[in-house]
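Coordinates from run-v4.txt are shown below (compact mmCIF, C-alpha atoms).
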# COMPACT_ATOMS: atom_id res chain seq x y z
CA MET C 1 0.00 0.00 0.00
CA LYS C 2 1.14 3.55 -0.73
CA ASN C 3 1.13 6.50 1.63
CA PHE C 4 -1.05 9.39 0.49
CA ALA C 5 1.96 11.73 0.63
CA ASP C 6 3.74 9.55 -1.96
CA LEU C 7 0.98 9.79 -4.59
CA THR C 8 1.58 11.80 -7.72
CA GLU C 9 -1.00 14.29 -8.94
CA ARG C 10 -1.96 11.82 -11.66
CA GLU C 11 -2.50 9.05 -9.10
CA VAL C 12 -4.54 11.34 -6.84
CA LEU C 13 -6.93 12.09 -9.70
CA ALA C 14 -7.12 8.41 -10.64
CA VAL C 15 -8.03 7.45 -7.06
CA ALA C 16 -10.67 10.20 -6.98
CA ILE C 17 -12.21 8.98 -10.26
CA SER C 18 -12.47 5.36 -9.13
CA SER C 19 -13.80 6.43 -5.70
CA GLU C 20 -16.59 8.53 -7.19
CA GLU C 21 -17.57 5.64 -9.45
CA GLU C 22 -17.75 3.20 -6.54
CA ASP C 23 -19.65 5.62 -4.28
CA SER C 24 -22.18 6.20 -7.05
CA ARG C 25 -22.84 2.45 -7.24
CA ILE C 26 -23.22 2.26 -3.46
CA TYR C 27 -25.77 5.11 -3.44
CA MET C 28 -27.76 3.44 -6.21
CA SER C 29 -27.73 0.24 -4.19
CA PHE C 30 -29.14 2.18 -1.22
CA ALA C 31 -31.78 3.74 -3.48
CA GLU C 32 -32.90 0.37 -4.84
CA ASP C 33 -33.04 -1.11 -1.34
CA LEU C 34 -35.09 1.81 0.06
CA ALA C 35 -37.42 2.23 -2.93
CA GLU C 36 -40.30 0.28 -1.38
CA ARG C 37 -39.78 1.24 2.27
CA TYR C 38 -38.86 4.93 1.93
CA PRO C 39 -39.41 6.11 -1.67
CA ASP C 40 -38.63 9.76 -0.89
CA SER C 41 -35.29 8.85 0.66
CA ALA C 42 -34.60 6.55 -2.29
CA LYS C 43 -34.95 9.53 -4.62
CA ILE C 44 -32.43 11.46 -2.54
CA PHE C 45 -29.91 8.65 -2.93
CA GLU C 46 -30.57 8.52 -6.66
CA GLU C 47 -29.76 12.23 -6.82
CA MET C 48 -26.61 11.71 -4.76
CA ALA C 49 -25.55 8.88 -7.07
CA GLU C 50 -26.08 11.16 -10.06
CA GLU C 51 -23.99 13.87 -8.43
CA GLU C 52 -21.19 11.38 -7.80
CA ARG C 53 -21.29 10.45 -11.48
CA GLY C 54 -21.08 14.16 -12.29
CA HIS C 55 -18.03 14.45 -10.03
CA ARG C 56 -16.44 11.52 -11.82
CA HIS C 57 -17.12 13.11 -15.23
CA ARG C 58 -15.52 16.41 -14.16
CA LEU C 59 -12.49 14.64 -12.72
CA LEU C 60 -12.12 12.43 -15.78
CA GLU C 61 -12.37 15.40 -18.12
CA LEU C 62 -9.63 17.25 -16.22
CA TYR C 63 -7.49 14.10 -16.09
CA GLU C 64 -7.70 13.58 -19.85
CA GLN C 65 -6.69 17.20 -20.43
CA ARG C 66 -3.65 16.83 -18.19
CA PHE C 67 -2.52 13.23 -18.61
CA GLY C 68 -4.34 11.63 -21.55
CA PRO C 69 -6.90 8.82 -21.74
CA HIS C 70 -5.12 6.11 -19.76
CA LEU C 71 -5.75 5.80 -16.01
CA PRO C 72 -3.12 4.19 -13.77
CA PRO C 73 -4.38 1.01 -12.03
CA ILE C 74 -4.72 2.47 -8.54
CA ARG C 75 -7.77 2.55 -6.27
CA ARG C 76 -8.36 3.81 -2.76
CA GLU C 77 -7.82 0.27 -1.45
CA ASP C 78 -4.19 0.73 -2.53
CA VAL C 79 -3.73 3.87 -0.40
CA LYS C 80 -3.01 3.62 3.31
CA GLY C 81 -5.58 5.35 5.50
CA PHE C 82 -8.81 4.79 3.58
CA LEU C 83 -11.63 3.21 5.55
CA ARG C 84 -13.02 0.17 3.78
CA ARG C 85 -16.45 0.58 2.24
CA ARG C 86 -19.10 -1.94 3.25
CA PRO C 87 -19.48 -4.45 0.38
CA ILE C 88 -22.62 -3.73 -1.63
CA TRP C 89 -24.09 -7.16 -0.87
CA LEU C 90 -24.01 -6.27 2.84
CA THR C 91 -26.06 -3.10 2.35
CA LYS C 92 -29.37 -4.86 1.73
CA ASN C 93 -32.23 -4.31 4.19
CA LEU C 94 -30.23 -2.05 6.48
CA PRO C 95 -32.25 0.25 8.78
CA LEU C 96 -32.52 3.80 7.47
CA ASP C 97 -30.56 5.24 10.39
CA THR C 98 -27.74 2.74 9.76
CA ILE C 99 -27.62 3.78 6.10
CA ARG C 100 -27.50 7.40 7.17
CA LYS C 101 -24.48 6.72 9.39
CA GLU C 102 -22.82 4.87 6.53
CA VAL C 103 -23.35 7.86 4.24
CA GLU C 104 -22.04 10.31 6.85
CA THR C 105 -18.84 8.28 7.16
CA MET C 106 -18.44 8.01 3.38
CA GLU C 107 -18.91 11.73 2.81
CA LEU C 108 -16.70 12.71 5.74
CA GLN C 109 -13.88 10.64 4.30
CA ALA C 110 -14.45 11.98 0.79
CA GLU C 111 -14.33 15.54 2.11
CA GLN C 112 -11.07 14.82 3.99
CA PHE C 113 -9.58 13.27 0.86
CA TYR C 114 -10.38 16.24 -1.36
CA ILE C 115 -9.10 18.73 1.21
CA LYS C 116 -5.77 16.90 1.46
CA ALA C 117 -5.62 16.41 -2.29
CA ALA C 118 -6.26 20.11 -2.96
CA GLU C 119 -3.45 21.06 -0.57
CA LYS C 120 -1.13 18.68 -2.41
CA ALA C 121 -2.08 19.77 -5.95
CA GLU C 122 0.32 22.07 -7.78
CA ASP C 123 -1.81 22.78 -10.83
CA VAL C 124 -4.24 25.66 -10.25
CA GLY C 125 -7.07 24.00 -12.17
CA VAL C 126 -6.68 20.73 -10.28
CA ARG C 127 -6.55 22.55 -6.95
CA ARG C 128 -9.72 24.51 -7.78
CA LEU C 129 -11.69 21.41 -8.81
CA LEU C 130 -10.61 19.40 -5.77
CA GLY C 131 -11.50 22.28 -3.47
CA ASP C 132 -14.93 22.59 -5.07
CA LEU C 133 -15.53 18.86 -4.67
CA ALA C 134 -14.55 19.05 -1.00
CA GLU C 135 -17.26 21.66 -0.44
CA GLU C 136 -19.82 19.60 -2.35
CA GLU C 137 -19.01 16.47 -0.33
CA LYS C 138 -19.42 18.53 2.84
CA GLY C 139 -22.88 19.44 1.60
CA HIS C 140 -23.64 15.76 1.11
CA GLU C 141 -22.59 15.07 4.68
CA LYS C 142 -25.02 17.71 5.96
CA LEU C 143 -27.72 16.22 3.76
CA ALA C 144 -27.07 12.79 5.29
CA VAL C 145 -27.51 14.24 8.77
CA LYS C 146 -30.94 15.64 7.78
CA LEU C 147 -31.89 12.65 5.66
CA THR C 148 -34.31 11.01 8.10
CA ASP C 149 -35.64 14.09 9.89
CA GLN C 150 -39.11 13.57 8.44
CA ILE C 151 -39.11 9.81 9.02
CA LEU C 152 -37.60 9.09 12.42
CA SER C 153 -39.34 10.20 15.58
CA PRO C 154 -37.74 12.95 17.71
CA ASP C 155 -36.98 10.45 20.48
CA VAL C 156 -35.09 8.17 18.11
CA ARG C 157 -33.23 11.05 16.47
CA ALA C 158 -32.16 12.37 19.87
CA GLU C 159 -30.49 9.07 20.69
CA GLU C 160 -28.68 8.62 17.39
CA ASP C 161 -24.95 9.04 17.20
CA LYS C 162 -23.72 12.44 16.12
CA THR C 163 -20.71 13.10 13.95
CA ARG C 164 -18.55 13.88 16.98
CA ARG C 165 -19.43 10.56 18.58
CA ARG C 166 -18.67 8.72 15.34
CA VAL C 167 -15.24 10.34 15.14
CA PHE C 168 -14.62 9.45 18.78
CA VAL C 169 -15.45 5.84 18.00
CA LEU C 170 -13.12 5.82 15.00
CA GLN C 171 -10.24 7.43 16.87
CA TYR C 172 -10.36 5.74 20.26
CA VAL C 173 -13.10 3.15 20.78
CA GLN C 174 -12.23 0.96 17.78
CA PRO C 175 -8.47 0.70 18.44
CA GLY C 176 -9.02 0.48 22.19
CA LEU C 177 -11.60 -2.27 21.80
CA ALA C 178 -9.38 -4.19 19.38
CA GLY C 179 -6.57 -3.97 21.91
CA LEU C 180 -8.76 -5.02 24.83
CA MET C 181 -10.04 -8.02 22.88
CA ASP C 182 -6.55 -9.06 21.83
CA GLY C 183 -5.06 -8.59 25.29
CA SER C 184 -7.90 -10.29 27.13
CA VAL C 185 -8.22 -13.30 24.85
CA SER C 186 -4.77 -13.91 23.38
CA THR C 187 -3.01 -13.97 26.78
CA LEU C 188 -5.39 -16.52 28.28
CA ALA C 189 -3.70 -19.54 26.72
CA PRO C 190 -0.08 -18.77 27.74
CA LEU C 191 -1.11 -17.57 31.20
CA PHE C 192 -3.21 -20.57 32.16
CA ALA C 193 -0.86 -22.99 30.43
CA ALA C 194 1.96 -21.65 32.63
CA ALA C 195 -0.30 -21.75 35.68
CA PHE C 196 -1.32 -25.39 35.33
CA ALA C 197 2.14 -26.47 34.18
CA THR C 198 3.97 -24.98 37.20
CA HIS C 199 1.33 -24.43 39.90
CA GLN C 200 3.59 -21.53 40.90
CA ASN C 201 2.00 -18.09 41.15
CA TRP C 202 5.13 -16.00 40.71
CA GLN C 203 6.30 -17.82 37.58
CA THR C 204 2.76 -17.58 36.18
CA PHE C 205 2.67 -13.86 36.92
CA LEU C 206 5.95 -13.31 35.05
CA VAL C 207 4.62 -15.17 32.00
CA GLY C 208 1.40 -13.14 32.05
CA LEU C 209 3.30 -9.88 32.53
CA ALA C 210 5.61 -10.59 29.62
CA ALA C 211 2.72 -11.69 27.37
CA SER C 212 0.62 -8.62 28.23
CA ILE C 213 3.38 -6.03 27.74
CA GLY C 214 4.65 -7.74 24.59
CA ALA C 215 1.17 -7.87 23.09
CA GLY C 216 0.58 -4.22 24.03
CA ILE C 217 3.74 -3.07 22.27
CA SER C 218 2.94 -5.16 19.19
CA MET C 219 -0.67 -3.97 18.93
CA GLY C 220 0.30 -0.36 19.57
CA PHE C 221 2.81 -0.27 16.73
CA ALA C 222 0.52 -2.22 14.40
CA GLU C 223 -2.31 0.28 14.90
CA ALA C 224 -0.07 3.34 14.63
CA LEU C 225 1.53 2.15 11.41
CA SER C 226 -1.69 0.95 9.76
CA ASP C 227 -3.23 4.38 9.12
CA ASP C 228 -1.82 7.92 9.38
CA GLY C 229 -5.34 9.29 9.90
CA ALA C 230 -5.05 11.93 7.18
CA LEU C 231 -7.82 10.49 5.01
CA SER C 232 -9.87 8.37 7.36
CA GLY C 233 -10.41 11.10 9.97
CA ARG C 234 -9.28 8.68 12.68
CA GLY C 235 -6.90 11.17 14.28
CA SER C 236 -3.26 10.91 15.33
CA PRO C 237 -1.81 7.44 14.62
CA TRP C 238 0.23 7.61 17.82
CA LEU C 239 -2.79 8.39 19.97
CA ARG C 240 -4.66 5.49 18.40
CA GLY C 241 -1.60 3.30 18.81
CA ALA C 242 -1.32 4.31 22.46
CA ALA C 243 -5.00 3.55 23.05
CA SER C 244 -4.68 0.16 21.40
CA GLY C 245 -1.40 -0.72 23.14
CA ILE C 246 -2.53 0.37 26.61
CA MET C 247 -5.85 -1.46 26.37
CA THR C 248 -4.09 -4.58 25.09
CA ALA C 249 -1.72 -4.57 28.04
CA LEU C 250 -4.55 -3.88 30.51
CA GLY C 251 -6.61 -6.69 29.00
CA GLY C 252 -3.82 -9.16 29.74
CA LEU C 253 -2.80 -7.71 33.10
CA GLY C 254 -6.35 -7.96 34.45
CA HIS C 255 -6.22 -11.74 34.82
CA THR C 256 -2.46 -11.75 35.45
CA LEU C 257 -2.50 -9.67 38.65
CA PRO C 258 -4.31 -12.30 40.77
CA TYR C 259 -1.16 -14.42 40.51
CA LEU C 260 0.59 -11.93 42.76
CA VAL C 261 -0.96 -13.93 45.60
CA PRO C 262 2.14 -15.17 47.52
CA ASP C 263 3.00 -18.82 47.02
CA SER C 264 3.44 -19.10 50.79
CA TRP C 265 -0.31 -18.80 51.35
CA PRO C 266 -2.31 -22.01 51.84
CA ASN C 267 -3.93 -23.01 48.54
CA ALA C 268 -2.31 -19.95 46.95
CA PHE C 269 -2.48 -21.36 43.42
CA TRP C 270 -6.21 -22.13 43.55
CA ILE C 271 -7.01 -18.78 45.18
CA ALA C 272 -5.17 -16.93 42.41
CA THR C 273 -6.66 -19.10 39.66
CA ALA C 274 -10.20 -18.63 40.97
CA ALA C 275 -9.69 -14.87 41.16
CA ALA C 276 -8.25 -14.83 37.61
CA GLY C 277 -11.26 -16.79 36.38
CA VAL C 278 -13.64 -14.22 37.88
CA VAL C 279 -11.65 -11.40 36.23
CA VAL C 280 -11.80 -13.19 32.87
CA PHE C 281 -15.57 -13.49 33.19
CA PHE C 282 -16.02 -9.76 33.74
CA GLU C 283 -13.48 -8.88 31.01
CA LEU C 284 -15.30 -10.87 28.36
CA TRP C 285 -18.71 -9.47 29.29
CA ALA C 286 -17.27 -5.94 29.33
CA ILE C 287 -15.95 -6.44 25.79
CA ALA C 288 -19.35 -7.73 24.67
CA PHE C 289 -21.04 -4.67 26.21
CA ILE C 290 -18.64 -2.22 24.49
CA ARG C 291 -19.14 -3.93 21.12
CA ALA C 292 -22.90 -3.74 21.53
CA LYS C 293 -22.87 -0.07 22.62
CA TYR C 294 -20.40 1.40 20.13
CA MET C 295 -20.07 -1.04 17.23
CA ASP C 296 -23.77 -1.66 16.47
CA THR C 297 -23.42 -5.36 17.29
CA PRO C 298 -26.44 -7.04 18.97
CA PHE C 299 -25.47 -7.75 22.58
CA LEU C 300 -26.34 -11.45 22.54
CA ARG C 301 -24.34 -11.99 19.35
CA ALA C 302 -21.38 -10.06 20.73
CA ALA C 303 -21.55 -11.97 24.01
CA PHE C 304 -21.74 -15.30 22.22
CA GLN C 305 -18.76 -14.51 19.97
CA ILE C 306 -16.52 -13.10 22.70
CA VAL C 307 -17.41 -15.43 25.55
CA LEU C 308 -17.30 -18.55 23.38
CA GLY C 309 -13.94 -17.55 21.90
CA GLY C 310 -12.53 -16.72 25.33
CA VAL C 311 -13.71 -20.00 26.83
CA ILE C 312 -12.15 -21.98 23.99
CA VAL C 313 -8.79 -20.19 24.35
CA LEU C 314 -8.93 -20.62 28.13
CA GLY C 315 -9.65 -24.33 27.77
CA VAL C 316 -6.79 -24.77 25.32
CA GLY C 317 -4.38 -23.12 27.77
CA ILE C 318 -5.53 -25.31 30.66
CA LEU C 319 -5.29 -28.51 28.60
CA ILE C 320 -1.80 -27.69 27.38
CA GLY C 321 -0.57 -26.74 30.83
CA ALA C 322 -2.07 -29.79 32.51
CA SER C 323 -0.77 -32.27 29.95
Kindly transcribe the structure held in the file into C-alpha cells.
Amino acid sequence: MKNFADLTEREVLAVAISSEEEDSRIYMSFAEDLAERYPDSAKIFEEMAEEERGHRHRLLELYEQRFGPHLPPIRREDVKGFLRRRPIWLTKNLPLDTIRKEVETMELQAEQFYIKAAEKAEDVGVRRLLGDLAEEEKGHEKLAVKLTDQILSPDVRAEEDKTRRRVFVLQYVQPGLAGLMDGSVSTLAPLFAAAFATHQNWQTFLVGLAASIGAGISMGFAEALSDDGALSGRGSPWLRGAASGIMTALGGLGHTLPYLVPDSWPNAFWIATAAAGVVVFFELWAIAFIRAKYMDTPFLRAAFQIVLGGVIVLGVGILIGAS
C-alpha cells in the first residue's frame, strides 16, 4: 500500500475517479433497497448517485486534459488510510438510520480526501476542482444528517450518534476495543498454560506480565503504522496506537494480577486461579457490552462470539498446561 503523501497528482486524480464511481454504485444500491420502504429517501440517494457520477465526469475530463486517456491502475484500497467501504451485498435491508451513518462516514472521508488532495495539488485548475468537490461532499454530509428528519421520531433522532461521537469511536473506541479483545483473549492460553504447568504463582505472573506487555507493544505499533489518519479522519496514529497498546496490556494484566498472591499462602495457586477466572468473566462481558454499545453489534451476538472464543482459548491453555 502507498502512503497518500507519496501519490503523484496523476494518481490522486485516478483514485478520486475510481472512488466517485464506486460511491455512485453504493448510493444506487441504497436507493434500490429503500425504494419500497422509503421512496422519498430513495430519490435522494438517486440524486446523490447522479452527483457522484457528475463528479467523476468532471475529474475524468480534467485528467484527460492533463494526462491523456489512460488511467493508472490504482484505487483507494491501494492507499493507506482509507476506511473500507461496506461491500454492496451487505447493504441490503439495512435500517434507514444505519444507512444514514454509513453515508455520513463516506462523505466525511471523501471531504477529507479532497481537502488533502487540494493542498497537495500544484496545478491551479486541479486545486480549484478538488476544493470545489470538497465543499460539495461537505454538503452531502449535511444532507445525510438531515436525511431522516421527516421519518424518524424525535426520540429516536435524539439518541442517534452524532458526527462527533462517530469520530470518537473511530479514533479511540475501535483501536481500544481491538486492543482489549486481543489482550484479554490472546493472553489466556499462555497464562493458564503456565499456571497449570507450574502451579507456581510468581512464575505464572511473570509469563502473564511478559505476554501482556509484549502484546501491548505489538498492537500499539501495528495500529499506529496501519493508518496515518489523514484520510480516514481517525486522528493521530500515535494516539490510536497508544489507546490500542494500553488497552491490550490492561486486558492481559487484568487476569495476570491475581497471581501476585504469595505462594506461601495455603492453597495460593487455587485462590489466584479462581480470582483470575472471575476477572476473565467480567473482562469478556465488558468487551461484549462495548461492542454492543459502540459497534452496532447485537449484545447477545457479541456476548456469544466473545465469551465462546474466550472459553475456547482458556480451555486450550488449561489442557496444554495440565498435559
* Asked: With distances taken over all atoms listed in the file, which of C:Ala272, C:Phe67, C:Arg10, C:Gly309 is nearest to Ala189 (chain C)?
  -> C:Gly309
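Each of C:Leu133, C:Gly139, C:Phe304, C:Gly179 was checked against Glu104 (chain C) using all atoms listed in the file; the smallest atom-to-atom distance is that of C:Gly139.
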* Distance query region 246-248 of chain C at most 9 Å, all atoms listed in the file, self and fewer than 5 positions along chain excluded, as an NGL selection string -> :C and (175-184 or 212-213 or 215-217 or 219-220 or 241 or 253)
* Near Ala49 (chain C), counting only C-alpha atoms, which residues have an atom at most 12 Å away, once you skip same-chain residues fewer than 2 positions from it, shown as a count of residues only? -> 27
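Our summary of the geometry notes that CA of Glu77 (chain C) is positioned 28.4 Å from CA of Lys293 (chain C).
Rounded to one decimal, CA of Arg75 (chain C) and CA of Leu130 (chain C) lie 17.1 Å from each other.
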* Structure fact -> In Å and to one decimal, CA of Leu300 (chain C) is distant from CA of Ala288 (chain C) by 8.2 Å
* Could you pull the residues within 9 Å of Gly315 (chain C), counting all atoms listed in the file, minus those fewer than 3 positions along the same chain, as a list of chain:residue names? -> C:Leu188, C:Ala189, C:Phe192, C:Gly310, C:Val311, C:Ile312, C:Ile318, C:Leu319, C:Ile320
Could you please take those selected residues and save C-alpha atoms as a CSV table (one decimal), in the frame of the given file?
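Output saved as selection-v5.csv:
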chain,number,residue,atom,x,y,z
C,188,LEU,CA,-5.4,-16.5,28.3
C,189,ALA,CA,-3.7,-19.5,26.7
C,192,PHE,CA,-3.2,-20.6,32.2
C,310,GLY,CA,-12.5,-16.7,25.3
C,311,VAL,CA,-13.7,-20.0,26.8
C,312,ILE,CA,-12.2,-22.0,24.0
C,318,ILE,CA,-5.5,-25.3,30.7
C,319,LEU,CA,-5.3,-28.5,28.6
C,320,ILE,CA,-1.8,-27.7,27.4
